[in-house]
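Visitor: Have a peek at structure23.pdb (PDB, C-alpha atoms and all ligand atoms).
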```
ATOM      1  CA  MET A   1       3.454  -6.083 -28.467  1.00  0.00           C
ATOM      2  CA  MET A   2       3.031  -2.390 -27.643  1.00  0.00           C
ATOM      3  CA  PRO A   3       4.683  -1.476 -24.339  1.00  0.00           C
ATOM      4  CA  GLN A   4       2.008  -0.823 -21.698  1.00  0.00           C
ATOM      5  CA  LYS A   5       1.486   2.828 -20.818  1.00  0.00           C
ATOM      6  CA  LYS A   6       2.866   3.572 -17.360  1.00  0.00           C
ATOM      7  CA  ILE A   7       0.580   4.775 -14.610  1.00  0.00           C
ATOM      8  CA  GLY A   8       2.013   7.426 -12.304  1.00  0.00           C
ATOM      9  CA  ALA A   9       1.772   7.022  -8.536  1.00  0.00           C
ATOM     10  CA  ILE A  10       3.158   8.483  -5.350  1.00  0.00           C
ATOM     11  CA  VAL A  11       4.134   5.856  -2.759  1.00  0.00           C
ATOM     12  CA  LEU A  12       3.659   6.667   0.938  1.00  0.00           C
ATOM     13  CA  CYS A  13       5.657   4.877   3.622  1.00  0.00           C
ATOM     14  CA  SER A  14       6.464   5.627   7.267  1.00  0.00           C
ATOM     15  CA  GLY A  15       9.462   3.429   7.971  1.00  0.00           C
ATOM     16  CA  ARG A  16      11.447   0.472   6.721  1.00  0.00           C
ATOM     17  CA  GLY A  17      10.177   0.324   3.151  1.00  0.00           C
ATOM     18  CA  SER A  18      10.534  -3.346   2.266  1.00  0.00           C
ATOM     19  CA  ASN A  19       7.245  -3.198   0.326  1.00  0.00           C
ATOM     20  CA  PHE A  20       8.360   0.004  -1.371  1.00  0.00           C
ATOM     21  CA  GLU A  21      11.483  -1.869  -2.456  1.00  0.00           C
ATOM     22  CA  SER A  22       9.574  -4.797  -3.963  1.00  0.00           C
ATOM     23  CA  ILE A  23       7.160  -2.461  -5.779  1.00  0.00           C
ATOM     24  CA  ALA A  24       9.961  -0.210  -7.074  1.00  0.00           C
ATOM     25  CA  GLN A  25      11.894  -3.280  -8.230  1.00  0.00           C
ATOM     26  CA  ALA A  26       8.866  -4.646 -10.109  1.00  0.00           C
ATOM     27  CA  ALA A  27       8.202  -1.220 -11.652  1.00  0.00           C
ATOM     28  CA  GLN A  28      11.810  -0.741 -12.729  1.00  0.00           C
ATOM     29  CA  ASN A  29      11.887  -4.282 -14.222  1.00  0.00           C
ATOM     30  CA  GLY A  30       8.761  -3.458 -16.235  1.00  0.00           C
ATOM     31  CA  LYS A  31       6.702  -6.118 -14.414  1.00  0.00           C
ATOM     32  CA  ILE A  32       4.052  -3.578 -13.439  1.00  0.00           C
ATOM     33  CA  PRO A  33       2.908  -0.598 -15.529  1.00  0.00           C
ATOM     34  CA  LEU A  34       3.919   1.848 -12.819  1.00  0.00           C
ATOM     35  CA  GLU A  35       6.086   4.928 -12.671  1.00  0.00           C
ATOM     36  CA  ILE A  36       6.820   5.958  -9.088  1.00  0.00           C
ATOM     37  CA  LEU A  37       6.751   9.747  -9.304  1.00  0.00           C
ATOM     38  CA  ALA A  38       7.848  10.252  -5.691  1.00  0.00           C
ATOM     39  CA  LEU A  39       8.093   8.626  -2.300  1.00  0.00           C
ATOM     40  CA  CYS A  40       6.588  10.550   0.633  1.00  0.00           C
ATOM     41  CA  SER A  41       7.168   9.743   4.288  1.00  0.00           C
ATOM     42  CA  ASP A  42       5.817  11.284   7.475  1.00  0.00           C
ATOM     43  CA  ARG A  43       9.093  10.448   9.293  1.00  0.00           C
ATOM     44  CA  GLU A  44      12.306  12.318   8.677  1.00  0.00           C
ATOM     45  CA  GLN A  45      14.412   9.335   9.815  1.00  0.00           C
ATOM     46  CA  ALA A  46      12.543   6.708   7.803  1.00  0.00           C
ATOM     47  CA  PRO A  47      14.963   4.251   6.126  1.00  0.00           C
ATOM     48  CA  VAL A  48      12.657   4.225   3.081  1.00  0.00           C
ATOM     49  CA  LEU A  49      13.877   7.735   2.160  1.00  0.00           C
ATOM     50  CA  ASP A  50      17.355   6.371   1.440  1.00  0.00           C
ATOM     51  CA  ARG A  51      15.933   3.409  -0.434  1.00  0.00           C
ATOM     52  CA  ALA A  52      14.118   5.848  -2.732  1.00  0.00           C
ATOM     53  CA  LYS A  53      17.176   8.036  -3.260  1.00  0.00           C
ATOM     54  CA  ARG A  54      19.294   4.979  -4.119  1.00  0.00           C
ATOM     55  CA  ARG A  55      16.791   4.179  -6.856  1.00  0.00           C
ATOM     56  CA  GLY A  56      16.785   7.738  -8.176  1.00  0.00           C
ATOM     57  CA  ILE A  57      13.227   8.348  -6.981  1.00  0.00           C
ATOM     58  CA  ALA A  58      12.413  11.766  -5.467  1.00  0.00           C
ATOM     59  CA  ALA A  59      11.839  11.453  -1.706  1.00  0.00           C
ATOM     60  CA  TYR A  60       9.911  13.988   0.359  1.00  0.00           C
ATOM     61  CA  VAL A  61       9.134  14.303   4.066  1.00  0.00           C
ATOM     62  CA  LEU A  62       5.655  15.423   5.093  1.00  0.00           C
ATOM     63  CA  ASN A  63       5.900  17.586   8.219  1.00  0.00           C
ATOM     64  CA  GLY A  64       3.543  18.859  10.898  1.00  0.00           C
ATOM     65  CA  ASP A  65       0.076  17.716  11.932  1.00  0.00           C
ATOM     66  CA  ARG A  66      -2.265  15.740   9.694  1.00  0.00           C
ATOM     67  CA  THR A  67      -3.743  18.795   8.002  1.00  0.00           C
ATOM     68  CA  GLN A  68      -0.302  20.222   7.265  1.00  0.00           C
ATOM     69  CA  ARG A  69       1.051  16.870   6.055  1.00  0.00           C
ATOM     70  CA  GLU A  70      -1.903  16.352   3.763  1.00  0.00           C
ATOM     71  CA  THR A  71      -1.675  19.889   2.379  1.00  0.00           C
ATOM     72  CA  GLN A  72       1.964  19.173   1.456  1.00  0.00           C
ATOM     73  CA  LEU A  73       0.977  15.819  -0.056  1.00  0.00           C
ATOM     74  CA  LEU A  74      -1.775  17.413  -2.147  1.00  0.00           C
ATOM     75  CA  ALA A  75       0.686  20.062  -3.340  1.00  0.00           C
ATOM     76  CA  TYR A  76       3.037  17.295  -4.562  1.00  0.00           C
ATOM     77  CA  CYS A  77       0.033  15.676  -6.236  1.00  0.00           C
ATOM     78  CA  GLU A  78      -0.837  18.953  -7.939  1.00  0.00           C
ATOM     79  CA  LYS A  79       2.713  19.160  -9.255  1.00  0.00           C
ATOM     80  CA  LEU A  80       3.286  15.510 -10.201  1.00  0.00           C
ATOM     81  CA  ASN A  81      -0.256  14.533 -11.172  1.00  0.00           C
ATOM     82  CA  PRO A  82      -0.267  10.890  -9.971  1.00  0.00           C
ATOM     83  CA  ARG A  83      -3.239   8.743 -10.927  1.00  0.00           C
ATOM     84  CA  PHE A  84      -2.807   6.588  -7.804  1.00  0.00           C
ATOM     85  CA  LEU A  85      -1.500   6.785  -4.264  1.00  0.00           C
ATOM     86  CA  VAL A  86       0.119   3.529  -3.146  1.00  0.00           C
ATOM     87  CA  LEU A  87       0.309   3.126   0.627  1.00  0.00           C
ATOM     88  CA  ALA A  88       3.086   0.761   1.683  1.00  0.00           C
ATOM     89  CA  GLY A  89       3.461   0.800   5.443  1.00  0.00           C
ATOM     90  CA  TYR A  90       2.102   4.341   5.846  1.00  0.00           C
ATOM     91  CA  MET A  91       1.090   4.379   9.497  1.00  0.00           C
ATOM     92  CA  ARG A  92      -1.341   7.305   9.293  1.00  0.00           C
ATOM     93  CA  VAL A  93      -5.015   7.430   8.479  1.00  0.00           C
ATOM     94  CA  LEU A  94      -5.756   9.589   5.435  1.00  0.00           C
ATOM     95  CA  SER A  95      -8.602  12.071   5.721  1.00  0.00           C
ATOM     96  CA  ALA A  96     -11.582  12.179   3.352  1.00  0.00           C
ATOM     97  CA  ARG A  97     -10.005  15.290   1.790  1.00  0.00           C
ATOM     98  CA  VAL A  98      -7.151  13.210   0.316  1.00  0.00           C
ATOM     99  CA  ILE A  99      -9.270  10.151  -0.436  1.00  0.00           C
ATOM    100  CA  ASP A 100     -11.860  12.220  -2.305  1.00  0.00           C
ATOM    101  CA  ALA A 101      -9.101  13.821  -4.388  1.00  0.00           C
ATOM    102  CA  PHE A 102      -8.405  10.300  -5.746  1.00  0.00           C
ATOM    103  CA  ARG A 103     -11.981   9.195  -6.432  1.00  0.00           C
ATOM    104  CA  SER A 104     -12.818   7.730  -9.817  1.00  0.00           C
ATOM    105  CA  GLU A 105     -15.942   8.717 -11.722  1.00  0.00           C
ATOM    106  CA  SER A 106     -17.623   5.524 -10.512  1.00  0.00           C
ATOM    107  CA  GLY A 107     -16.801   6.228  -6.891  1.00  0.00           C
ATOM    108  CA  TYR A 108     -13.918   3.996  -5.809  1.00  0.00           C
ATOM    109  CA  SER A 109     -10.701   5.584  -4.593  1.00  0.00           C
ATOM    110  CA  ARG A 110      -7.468   5.239  -6.561  1.00  0.00           C
ATOM    111  CA  ILE A 111      -5.541   4.606  -3.350  1.00  0.00           C
ATOM    112  CA  THR A 112      -4.218   1.144  -2.502  1.00  0.00           C
ATOM    113  CA  ASN A 113      -2.978  -0.241   0.799  1.00  0.00           C
ATOM    114  CA  ILE A 114      -1.476  -3.464   2.113  1.00  0.00           C
ATOM    115  CA  HIS A 115      -2.562  -4.706   5.509  1.00  0.00           C
ATOM    116  CA  PRO A 116      -0.928  -7.537   7.491  1.00  0.00           C
ATOM    117  CA  SER A 117      -4.047  -9.607   8.218  1.00  0.00           C
ATOM    118  CA  LEU A 118      -7.029 -11.192   6.535  1.00  0.00           C
ATOM    119  CA  LEU A 119      -9.330  -8.194   6.815  1.00  0.00           C
ATOM    120  CA  PRO A 120     -11.761  -7.645   8.446  1.00  0.00           C
ATOM    121  CA  ALA A 121      -9.799  -9.595  11.112  1.00  0.00           C
ATOM    122  CA  PHE A 122      -7.076  -7.769  13.052  1.00  0.00           C
ATOM    123  CA  LYS A 123      -7.544  -4.208  11.866  1.00  0.00           C
ATOM    124  CA  GLY A 124      -5.229  -1.442  13.083  1.00  0.00           C
ATOM    125  CA  LEU A 125      -1.629  -1.704  14.208  1.00  0.00           C
ATOM    126  CA  GLY A 126       0.431  -4.893  14.526  1.00  0.00           C
ATOM    127  CA  GLY A 127      -1.758  -7.298  12.564  1.00  0.00           C
ATOM    128  CA  TYR A 128       0.762 -10.159  12.769  1.00  0.00           C
ATOM    129  CA  THR A 129       1.296  -9.661  16.508  1.00  0.00           C
ATOM    130  CA  GLN A 130      -2.443  -9.536  17.122  1.00  0.00           C
ATOM    131  CA  ALA A 131      -2.889 -12.848  15.272  1.00  0.00           C
ATOM    132  CA  PHE A 132      -0.027 -14.496  17.183  1.00  0.00           C
ATOM    133  CA  ASN A 133      -1.163 -13.205  20.584  1.00  0.00           C
ATOM    134  CA  GLN A 134      -4.709 -14.387  20.025  1.00  0.00           C
ATOM    135  CA  GLY A 135      -3.535 -17.894  19.132  1.00  0.00           C
ATOM    136  CA  ALA A 136      -4.928 -17.779  15.583  1.00  0.00           C
ATOM    137  CA  LYS A 137      -4.234 -20.889  13.472  1.00  0.00           C
ATOM    138  CA  GLU A 138      -3.863 -18.834  10.334  1.00  0.00           C
ATOM    139  CA  THR A 139      -3.573 -15.235   9.295  1.00  0.00           C
ATOM    140  CA  GLY A 140      -2.787 -13.481   6.037  1.00  0.00           C
ATOM    141  CA  VAL A 141      -2.267 -10.419   3.916  1.00  0.00           C
ATOM    142  CA  THR A 142      -4.837  -8.110   2.308  1.00  0.00           C
ATOM    143  CA  VAL A 143      -4.418  -5.581  -0.506  1.00  0.00           C
ATOM    144  CA  HIS A 144      -7.363  -3.201  -0.699  1.00  0.00           C
ATOM    145  CA  LEU A 145      -8.601   0.170  -1.896  1.00  0.00           C
ATOM    146  CA  VAL A 146      -8.690   2.853   0.785  1.00  0.00           C
ATOM    147  CA  GLU A 147     -11.805   4.385   2.311  1.00  0.00           C
ATOM    148  CA  PRO A 148     -11.991   6.833   5.238  1.00  0.00           C
ATOM    149  CA  GLU A 149     -12.930   4.118   7.726  1.00  0.00           C
ATOM    150  CA  LEU A 150      -9.719   2.361   8.861  1.00  0.00           C
ATOM    151  CA  ASP A 151      -8.745  -0.830   6.941  1.00  0.00           C
ATOM    152  CA  SER A 152     -12.178  -1.086   5.372  1.00  0.00           C
ATOM    153  CA  GLY A 153     -12.155  -0.471   1.578  1.00  0.00           C
ATOM    154  CA  PRO A 154     -12.928  -2.986  -1.201  1.00  0.00           C
ATOM    155  CA  ILE A 155     -10.543  -5.956  -1.193  1.00  0.00           C
ATOM    156  CA  LEU A 156      -8.312  -6.481  -4.235  1.00  0.00           C
ATOM    157  CA  ALA A 157      -6.440  -9.583  -3.051  1.00  0.00           C
ATOM    158  CA  GLN A 158      -5.981 -11.745   0.023  1.00  0.00           C
ATOM    159  CA  GLU A 159      -3.668 -14.619   0.809  1.00  0.00           C
ATOM    160  CA  SER A 160      -3.693 -16.714   3.965  1.00  0.00           C
ATOM    161  CA  PHE A 161      -0.968 -18.758   5.628  1.00  0.00           C
ATOM    162  CA  SER A 162      -0.790 -21.141   8.555  1.00  0.00           C
ATOM    163  CA  ILE A 163       0.933 -19.951  11.733  1.00  0.00           C
ATOM    164  CA  THR A 164       0.385 -23.008  13.939  1.00  0.00           C
ATOM    165  CA  ASP A 165       4.147 -23.699  13.983  1.00  0.00           C
ATOM    166  CA  CYS A 166       5.270 -20.070  14.577  1.00  0.00           C
ATOM    167  CA  ARG A 167       6.953 -19.557  17.950  1.00  0.00           C
ATOM    168  CA  SER A 168       6.941 -15.757  17.904  1.00  0.00           C
ATOM    169  CA  ALA A 169       5.172 -12.792  16.332  1.00  0.00           C
ATOM    170  CA  LEU A 170       8.429 -12.124  14.504  1.00  0.00           C
ATOM    171  CA  GLU A 171       8.207 -15.501  12.780  1.00  0.00           C
ATOM    172  CA  VAL A 172       4.640 -14.674  11.737  1.00  0.00           C
ATOM    173  CA  GLU A 173       5.833 -11.332  10.376  1.00  0.00           C
ATOM    174  CA  GLU A 174       8.697 -12.901   8.413  1.00  0.00           C
ATOM    175  CA  ARG A 175       6.308 -15.348   6.793  1.00  0.00           C
ATOM    176  CA  GLY A 176       3.807 -12.582   6.067  1.00  0.00           C
ATOM    177  CA  LEU A 177       6.341 -10.167   4.611  1.00  0.00           C
ATOM    178  CA  ALA A 178       7.560 -12.762   2.110  1.00  0.00           C
ATOM    179  CA  ILE A 179       3.963 -12.973   0.854  1.00  0.00           C
ATOM    180  CA  GLU A 180       3.491  -9.176   0.906  1.00  0.00           C
ATOM    181  CA  HIS A 181       6.541  -8.628  -1.287  1.00  0.00           C
ATOM    182  CA  ARG A 182       5.068 -10.862  -3.986  1.00  0.00           C
ATOM    183  CA  LEU A 183       1.353 -10.133  -3.542  1.00  0.00           C
ATOM    184  CA  TYR A 184       1.442  -6.320  -3.619  1.00  0.00           C
ATOM    185  CA  PRO A 185       3.306  -5.984  -6.972  1.00  0.00           C
ATOM    186  CA  GLU A 186       1.257  -8.865  -8.426  1.00  0.00           C
ATOM    187  CA  THR A 187      -1.975  -7.099  -7.448  1.00  0.00           C
ATOM    188  CA  LEU A 188      -0.857  -3.649  -8.603  1.00  0.00           C
ATOM    189  CA  ALA A 189      -0.078  -5.139 -12.022  1.00  0.00           C
ATOM    190  CA  TRP A 190      -3.821  -5.413 -12.747  1.00  0.00           C
ATOM    191  CA  ALA A 191      -5.380  -3.053 -10.208  1.00  0.00           C
ATOM    192  CA  LEU A 192      -3.566   0.015 -11.570  1.00  0.00           C
ATOM    193  CA  THR A 193      -5.197  -0.539 -14.961  1.00  0.00           C
ATOM    194  CA  GLU A 194      -8.594  -0.368 -13.195  1.00  0.00           C
ATOM    195  CA  GLN A 195      -9.818  -3.453 -15.031  1.00  0.00           C
ATOM    196  CA  PHE A 196     -12.085  -4.520 -12.175  1.00  0.00           C
ATOM    197  CA  ARG A 197     -15.623  -4.233 -10.958  1.00  0.00           C
ATOM    198  CA  ILE A 198     -16.703  -3.860  -7.368  1.00  0.00           C
ATOM    199  CA  GLU A 199     -19.179  -6.299  -5.882  1.00  0.00           C
ATOM    200  CA  GLY A 200     -19.945  -5.800  -2.205  1.00  0.00           C
ATOM    201  CA  ASN A 201     -16.608  -5.321  -0.527  1.00  0.00           C
ATOM    202  CA  ARG A 202     -14.551  -7.048  -3.236  1.00  0.00           C
ATOM    203  CA  CYS A 203     -12.852  -5.803  -6.387  1.00  0.00           C
ATOM    204  CA  LEU A 204     -13.254  -8.519  -8.971  1.00  0.00           C
ATOM    205  CA  ARG A 205     -10.698  -8.609 -11.743  1.00  0.00           C
ATOM    206  CA  ALA A 206     -12.384  -8.064 -15.118  1.00  0.00           C
TER     207      ALA A 206
HETATM  208  C1  LIG B 301       3.949  -4.224   6.392  1.00  0.00           C
HETATM  209  O1  LIG B 301       3.760  -5.358   7.213  1.00  0.00           O
HETATM  210  C2  LIG B 301       2.620  -3.750   5.848  1.00  0.00           C
HETATM  211  O2  LIG B 301       1.690  -4.787   5.642  1.00  0.00           O
HETATM  212  C3  LIG B 301       2.115  -2.852   6.955  1.00  0.00           C
HETATM  213  O3  LIG B 301       3.266  -2.204   7.456  1.00  0.00           O
HETATM  214  C4  LIG B 301       4.412  -3.011   7.196  1.00  0.00           C
HETATM  215  C5  LIG B 301       5.363  -2.148   6.422  1.00  0.00           C
HETATM  216  O4  LIG B 301       6.609  -2.734   6.215  1.00  0.00           O
HETATM  217  N1  LIG B 301       1.095  -1.944   6.462  1.00  0.00           N
HETATM  218  P1  LIG B 301       7.636  -2.103   5.184  1.00  0.00           P
HETATM  219  O5  LIG B 301       7.849  -0.638   5.569  1.00  0.00           O
HETATM  220  O6  LIG B 301       7.036  -2.232   3.810  1.00  0.00           O
HETATM  221  O7  LIG B 301       8.893  -2.893   5.326  1.00  0.00           O
END
```
Translate the structure described by the file into structure tokens.
Guide:
Amino acid sequence: MMPQKKIGAIVLCSGRGSNFESIAQAAQNGKIPLEILALCSDREQAPVLDRAKRRGIAAYVLNGDRTQRETQLLAYCEKLNPRFLVLAGYMRVLSARVIDAFRSESGYSRITNIHPSLLPAFKGLGGYTQAFNQGAKETGVTVHLVEPELDSGPILAQESFSITDCRSALEVEERGLAIEHRLYPETLAWALTEQFRIEGNRCLRA
């Protein structure tokens, strides 16, 4: 079998980087057709920067306000020419300027994100904590394409899990993260090849 052509992407992450790690691992093992061209973070102290360096992946900090950060990001994109942006715990909302720079001919954005809830439930920060505090019986994980409205783009994959026996938001998060680390690479494996069609707010695998 011919080796699959790799698709270049820049990964964006604000902090810990456990999703970055699982994606980078899958890419380096050849499980997803992805070449991480760089890791960008909006926080100088983000642990993910070291994770990237340890893997030999270029790591850049985006400084300043949103406009300045995005100008730097677009300059890296100009230089590295990624086909996708992969958001993995990037705690900033991207402006239409960046999203439109990654639009396909048919109109979807080539930017993916992972969100810690079953969207459209529990948008915004702290999805697992929101679910726990509201006494939800179950919550989940969503991988989706990014649109300017927060946590709203077409859904690539979702997986739910029961939280009735969780005694803290931390327990919910631990359960959720274990799913994230499998679901995001699994989803990227087909989503990056763009073998899908969009129906309503769902991306259906072709
Ligand atoms: C994850 O829960 C992800 O779903 C959310 O932010 C968290 C990032 O964690 N968007 P990490 O930096 O990947 O460890």
Visitor: Neighbours of range 101-116 of chain A within 8 Å (only C-alpha atoms; same-chain residues fewer than 2 positions away dropped), as a VMD selection string?
Guide: chain A and resid 83 to 89 97 to 99 118 to 119 126 to 128 140 to 147 151 176 180 184
Visitor: Using all atoms listed in the file, which residues sit within 10 Å of Leu170 in chain A once same-chain residues fewer than 3 positions away are excluded, as a ChimeraX atom specification?
Guide: /A:128-129,132,166-167,173-176
Visitor: For Lys137 in chain A, which of A:Leu188, A:Ile179, A:Ile163, A:Leu80 is the closest residue, counting only C-alpha atoms?
Guide: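 Residue with the minimum atom-to-atom distance to Lys137 in chain A: A:Ile163.
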Visitor: For CA of Gly15 in chain A and CA of Lys53 in chain A, determine how far apart the two atoms are, in Å to one decimal place.
Guide: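 Interatomic distance here is 14.4 Å.
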Visitor: Hey, could you pull the box centre and edge lengths for ligand LIG 301 (chain B), axis-aligned, 5 Å padding per side, all listed atoms, to one decimal in Å, as AutoDock Vina command-line options?
Guide:
```
--center_x 5.0 --center_y -3.0 --center_z 5.6 --size_x 17.8 --size_y 14.7 --size_z 13.6
```
Visitor: Show me a table, sorted first by chain and then by increasing residue number, of the residues of range 38-117 of chain A having an atom at most 10 Å from range 17-33 of chain A, each with its shortest atom pair and the distance in Å to one decimal, counting only C-alpha atoms and written as JSON lines.
Guide:
```
{"residue": "A:Leu39", "atom": "CA", "partner": "A:Phe20", "partner_atom": "CA", "distance": 8.7}
{"residue": "A:Ser41", "atom": "CA", "partner": "A:Gly17", "partner_atom": "CA", "distance": 10.0}
{"residue": "A:Ala46", "atom": "CA", "partner": "A:Gly17", "partner_atom": "CA", "distance": 8.2}
{"residue": "A:Pro47", "atom": "CA", "partner": "A:Gly17", "partner_atom": "CA", "distance": 6.9}
{"residue": "A:Val48", "atom": "CA", "partner": "A:Gly17", "partner_atom": "CA", "distance": 4.6}
{"residue": "A:Leu49", "atom": "CA", "partner": "A:Gly17", "partner_atom": "CA", "distance": 8.3}
{"residue": "A:Asp50", "atom": "CA", "partner": "A:Gly17", "partner_atom": "CA", "distance": 9.5}
{"residue": "A:Arg51", "atom": "CA", "partner": "A:Glu21", "partner_atom": "CA", "distance": 7.2}
{"residue": "A:Ala52", "atom": "CA", "partner": "A:Glu21", "partner_atom": "CA", "distance": 8.2}
{"residue": "A:Arg55", "atom": "CA", "partner": "A:Ala24", "partner_atom": "CA", "distance": 8.1}
{"residue": "A:Ile57", "atom": "CA", "partner": "A:Ala24", "partner_atom": "CA", "distance": 9.2}
{"residue": "A:Val86", "atom": "CA", "partner": "A:Phe20", "partner_atom": "CA", "distance": 9.1}
{"residue": "A:Leu87", "atom": "CA", "partner": "A:Phe20", "partner_atom": "CA", "distance": 8.9}
{"residue": "A:Ala88", "atom": "CA", "partner": "A:Asn19", "partner_atom": "CA", "distance": 5.9}
{"residue": "A:Gly89", "atom": "CA", "partner": "A:Gly17", "partner_atom": "CA", "distance": 7.1}
{"residue": "A:Tyr90", "atom": "CA", "partner": "A:Gly17", "partner_atom": "CA", "distance": 9.4}
{"residue": "A:Ile114", "atom": "CA", "partner": "A:Asn19", "partner_atom": "CA", "distance": 8.9}
```
Visitor: How many Å separate atom O4 of ligand LIG 301 (chain B) from CA of Leu177 in chain A?
Guide: 7.6 Å
Visitor: One decimal, in Å: what's the spacing between CA of Ala58 in chain A and CA of Cys40 in chain A?
Guide: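 Value for the CA of Ala58 in chain A-CA of Cys40 in chain A distance: 8.5 Å.
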Visitor: For Leu73 in chain A, find every residue with an atom within 10 Å (counting only C-alpha atoms), except residues of its own chain fewer than 2 positions away, and show them as a list in words.
Guide: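 Selected residues are Ile10, Leu12, Cys40, Ser41, Tyr60, Val61, Leu62, Asn63, Thr67, Gln68, Arg69, Glu70, Thr71, Ala75, Tyr76, Cys77, Glu78, Lys79 and Val98 of chain A.
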Visitor: Keeping only C-alpha atoms, write the selected residues as a short mmCIF file (atom, residue, chain, number, x, y, z; two decimals), in the frame of the given file.
Guide:
```cif
data_model
loop_
_atom_site.label_atom_id
_atom_site.label_comp_id
_atom_site.auth_asym_id
_atom_site.auth_seq_id
_atom_site.Cartn_x
_atom_site.Cartn_y
_atom_site.Cartn_z
CA ILE A 10 3.16 8.48 -5.35
CA LEU A 12 3.66 6.67 0.94
CA CYS A 40 6.59 10.55 0.63
CA SER A 41 7.17 9.74 4.29
CA TYR A 60 9.91 13.99 0.36
CA VAL A 61 9.13 14.30 4.07
CA LEU A 62 5.66 15.42 5.09
CA ASN A 63 5.90 17.59 8.22
CA THR A 67 -3.74 18.80 8.00
CA GLN A 68 -0.30 20.22 7.26
CA ARG A 69 1.05 16.87 6.06
CA GLU A 70 -1.90 16.35 3.76
CA THR A 71 -1.68 19.89 2.38
CA ALA A 75 0.69 20.06 -3.34
CA TYR A 76 3.04 17.30 -4.56
CA CYS A 77 0.03 15.68 -6.24
CA GLU A 78 -0.84 18.95 -7.94
CA LYS A 79 2.71 19.16 -9.26
CA VAL A 98 -7.15 13.21 0.32
#
```
Visitor: Tell me which of A:Thr164, A:Ala9, A:Arg43, A:Ala38 sits closest to Asn133 in chain A, counting only C-alpha atoms.
Guide: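 Using only C-alpha atoms, the shortest distance to Asn133 in chain A belongs to A:Thr164.
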Visitor: Go through A:Thr187, A:Ser168, A:Ser117, A:Asn81 one by one, measure the shortest atom-to-atom distance of each to ligand LIG 301 (chain B) using all atoms listed in the file, and give the residue with the smallest value.
Guide: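 Looking at the shortest contact to ligand LIG 301 (chain B), the residue is A:Ser117.
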